[in-house]
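Presented below is the structure to which this report refers.
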Amino acid sequence: MKPSRIAVALLILVALEAGYYFYDTRIVEKRAERERVAGLLLDIDQDKVTKITIRRPDENMVLARKKSGWTIVEPLEADADPGKVRYILYKAGLLKAARNFGKVSNLADYGLDEPVTVTFDQGDGGKTQSLEIGCRNPTGSMRYVMVAGDVAMANGSDVNAVLPTLFDVRDRKMFRKSVLDVTGFQYKSKSFSVSAVRGADKSWKLTSPVEADADDVGVEAFIRKFMTAEAAGFVDDTDANPGRYGFDNPEYEFTATFGDKGSRTLLLGAVSKDGDRYARMTDSGQVVMVSGDIVSDLPESVMKLRDRSLVSLETDSVKKISLVVSGEAVELEKDDTGGTGGADGAWRITSPQPARADGAVVSGLLYDLAEATGVDIVAEGEVDLSEYGLDNPGLSIKVVTDSDEYTIKAASVDKGGVSRFYVIPGGLPLVMSVEKSVYDSLALKYDDLLDKRLFAVKSEEIERININRVGQVFDVTKSGDDYRLLSPHEARVTHDQWNRLVWAVKSLEYERTDSAKDVEDAKYGFDKPELEITVYGKSGLVINDIAIGRKTPGGDGYYVRSASGDTVYIIDKQFVTTTMVNSLDNLWEATGR
């Protein structure tokens with residue numbers, strides 16, 4: 001083909017593509033927009049509407065947009081709920097006719113002889129739009145409406161959305177700001193008073209009747225009760241007698257401050273016959289009723305708003321832990337050296353006998369310590385520690401971090417046949433009561449902290465597992481992503497099969513050790529073991545080699561010994577009778593034998 005013909009063909013193709021694009025995007029979009037607009041009953045711009053008038057046969061309601069927001073100007077002056085007004089405008093702008101009747105001869109047939117009229121005034125230069133609303137259709141799902149003399153039928157719920165009652169549209173919020181806007185508060189009730197401020201770090205500090213750290217979660221929940229309060233009803237009779245509603249001596253008074261934006265005070269007075277509370281803001285004469293639930297679960301004392309944490313602790317920063325439980329001391333250090341069987345952040349016991357610590361148990365201890373809270377503060381300042389058993393505590397924990405150290409002491413005291421548990425939190429001159437569960441979660445001894453895994457190794461470090469089950473040898477290896485069974489026959493195994501075997505082996509933990517000084521193989525069954533398991537790491541390094549002998553006398557466990565030591569361990573029988581059986585059966589069946 002000649003170059004000139006190619007150029008002409010390209011120009012035609014470009015023109016066709018441009019025409020298709022113009023049709024597909026511009027024309028189709030405009031047609032869709034015309035169809036959408038054609039179906040709408042009203043032509044209003046939500047942002048330009050300055051007034052909404054609702055005329056009912058018995059009452060008119062007028063909403064006006066002012067600089068401060070939407071307000072009700074008829075039948076009374078009050079703030080409107082801005083969200084509700086936005087919703088009315090939104091639904092009005094989408095209102096469509098399901099069926100058009102045009103001009104009709106008898107408006108009474110449609111309930112339009114005495115309609116409810118909603119008028120949207122769009123300000124200077126804007127078009128005023130009115131929607132006249134009649135009765136429902138025979139099925140009740142639709143409602144008759146009229147716009148500019150033409151009658152139509154529209155979805156009943158959509159029509160009702162633009163026809164709110166006075167109560168619907170009235171702003172029922174007592175405070176118009178959120179909990180996050182509050183920088184301080186004062187609270188007074190018949191039982192106690194308290195005030196607090198929010199610090200630059202967003203945490204709360206009590207300022208009276210005591211200066212102390214506050215329970216941030218508790219304080220947020222406390223002030224949220226008031227900040228989210230809404231009117232359940234409005235009282236029209238607001239005469240000048242405050243005693244009529246209990247405001248001469250209110251039961252509750254809550255003042256929220258908003259930094260340099262001032263403050264507002266809510267008063268809660270008497271209980272109504274329906275169980276609600278009379279309430280009003282001090283900067284408003286309007287009396288309302290709020291749900292009686294607003295005062296449920298409020299704290300009875302300032303102690304309930306205080307920070308009752310045992311210690312303020314970042315668990316990742318802890319380097320050393322010292323525990324003394326009933327006179328038995330244990331010391332632990334974080335081991336960041338890693339290595340076979342270890343990991344960054346692993347823990348080791350340094351005293352009374354060096355040993356590997358169970359990282360999960362230590363992490364759980366630190367988590368419990370960081371999350372533990374007291375039930376109540378029972379004493380502060382100069383305290384007779386003997387009254388709480390803290391002159392000779394049964395539990396002492398010292399944690400050393402990168403930059404600080406904290407000591408927590410706890411004791412159990414029998415009072416009237418009931419055990420009570422008390423704590424001196426780290427760094428605070430006070431005594432708190434705690435639940436028994438808190439005490440027990442922290443009172444860990446040497447045996448509780450020991451790593452009892454017989455194969456303490458990372459899964460990715462295992463490259464071979466050899467299991468001798470009563471003379472039948474299973475030998476499985478890993479090389480990269482290649483997994484193979486070498487014995488009792490050669491076969492490929494899947495990644496899932498390998499992982500199941502690895503997890504089974506790594507789950508082996510001993511429950512306790514046997515106290516015998518002399519180990520006789522025949523006594524424990526090590527001369528004819530039930531299972532022999534050898535786990536290899538990289539370069540064929542033996543990680544551990546164990547023999548599982550006979551059952552214990554009670555039959556609930558098996559004896560185990562490592563080839564590298566003489567200690568006899570006792571494991572749960574489930575490992576032998578269930579865990580390994582299932583893993584080896586899965587391995588055997590999956591290779592087609």
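Quick note on naming: the chains in the structure tokens go A, B, ... in the order shown, residues restart at 1 in each chain, and ligands are numbered from 1 in order of appearance.
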task = Name all residues at most 10 Å from Lys398 in chain A (count only C-alpha atoms; drop same-chain ones fewer than 6 positions away) and give them as a list in words.
result =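 That gives Lys320, Ile321, Ser322, Leu323, Val324, Glu331, Glu405, Tyr406, Thr407, Ile408, Lys409 and Gly426 of chain A.
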inquiry  = as a PyMOL selection string, please: every residue in range 205-371 of chain A that a backbone DSSP assignment puts in alpha helix (DSSP H).
reply    = chain A and resi 216-227+359-371
Range 439-509 of chain A residues near range 545-565 of chain A within 10 Å, closest pair each, using only C-alpha atoms, as JSON lines:
{"residue": "A:Leu454", "atom": "CA", "partner": "A:Ile546", "partner_atom": "CA", "distance": 8.2}
{"residue": "A:Phe455", "atom": "CA", "partner": "A:Asp545", "partner_atom": "CA", "distance": 8.9}
{"residue": "A:Asn466", "atom": "CA", "partner": "A:Asp545", "partner_atom": "CA", "distance": 9.3}
{"residue": "A:Ile467", "atom": "CA", "partner": "A:Ile546", "partner_atom": "CA", "distance": 9.9}
{"residue": "A:Asn468", "atom": "CA", "partner": "A:Ala547", "partner_atom": "CA", "distance": 9.4}
{"residue": "A:Arg469", "atom": "CA", "partner": "A:Ile548", "partner_atom": "CA", "distance": 9.9}
task = Name all residues at most 7 Å from range 154-157 of chain A (count only C-alpha atoms; drop same-chain ones fewer than 6 positions away) and give them as a ChimeraX atom specification.
result = /A:96-98,141-144
message = Please report the interatomic distance between CA of Asn544 in chain A and CA of Val457 in chain A in Å with one decimal.
response =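 Interatomic distance, CA of Asn544 in chain A to CA of Val457 in chain A: 9.6 Å.
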ask   = Hey, which of A:Arg280, A:Lys573, A:Lys523, A:Arg464 ends up closest to Leu541 in chain A? Count only C-alpha atoms.
value =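 Using only C-alpha atoms, Leu541 in chain A sits closest to A:Arg464.
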task = Within 9 Å of Gly359 in chain A, counting only C-alpha atoms, which residues show up once you throw out same-chain ones fewer than 5 positions away? Write them as a list in words, please.
result =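 What passes the distance filter is Gly345, Ala346, Trp347, Arg348, Gly364, Leu449, Leu450 and Asp451 of chain A.
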Among the residues A:Tyr439, A:Phe222, A:Tyr90, A:Phe421, the one that comes closest to Ala372 in chain A [using only C-alpha atoms] =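 Closest residue, counting only C-alpha atoms: A:Tyr439.
Distance-wise, CA of Asp274 in chain A and CA of Asp293 in chain A end up 12.1 Å apart.
Considering the residues A:Ser191, A:Asn160, A:Gln122, A:Asn499 and counting only C-alpha atoms, Leu298 in chain A has its shortest atom-to-atom contact with A:Ser191.
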inquiry  = Which of range 128-242 of chain A end up as strand (DSSP E or B) when DSSP is run on this backbone - answer as a ChimeraX atom specification?
reply    = /A:129-136,142-147,150-155,170,173,184-189,193-198,204-208,212-214,230-235
message = Considering only C-alpha atoms, can you say which of A:Met146, A:Leu166, A:Val476, A:Ala370 comes closest to Pro425 in chain A?
response =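 Residue with the minimum atom-to-atom distance to Pro425 in chain A: A:Ala370.
The shell of residues at most 10 Å from Asp236 in chain A, with only C-alpha atoms counted and near chain neighbours (fewer than 3 positions) removed, consists of Gly233, Asp239, Gln286, Val287 and Val288 of chain A.
Here the question is which of A:Glu230, A:Glu382, A:Glu463, A:Asp336 gets nearest to Gly292 in chain A using only C-alpha atoms, and that residue is A:Glu230.
CA of Ser317 in chain A to CA of Ser403 in chain A spans 8.5 Å [interatomic distance, one decimal].
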Residues within 8 Å of Ala64 in chain A, only C-alpha atoms, excluding chain neighbours under 4 positions, as a ChimeraX atom specification = /A:50-52,70-73
The selected residues should be written to file as a PDB file, in the first residue's frame (atoms: C-alpha atoms).
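Result file is selection.pdb:
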ATOM      1  CA  THR A  50     -32.273  29.649  52.111  1.00  0.00           C
ATOM      2  CA  LYS A  51     -35.699  28.821  53.494  1.00  0.00           C
ATOM      3  CA  ILE A  52     -37.983  25.795  53.771  1.00  0.00           C
ATOM      4  CA  TRP A  70     -30.253  26.339  60.105  1.00  0.00           C
ATOM      5  CA  THR A  71     -32.846  27.547  62.610  1.00  0.00           C
ATOM      6  CA  ILE A  72     -36.550  27.124  63.176  1.00  0.00           C
ATOM      7  CA  VAL A  73     -38.343  30.478  63.052  1.00  0.00           C
TER       8      VAL A  73
END
message = Would you pick out the contacts of Ile377 in chain A at 8 Å or less, using only C-alpha atoms, so that residues sharing its chain but fewer than 2 positions from it are not included, and give the list as a list in words?
response = Met303, Arg308, Gly374, Val375, Ala379, Glu380, Leu430, Val431, Met432 and Ser433 of chain A
query = Smallest atom-to-atom distance to Asn249 in chain A: which of A:Ser189, A:Ser263, A:Lys273, A:Gly125, using only C-alpha atoms?
reply = A:Ser189
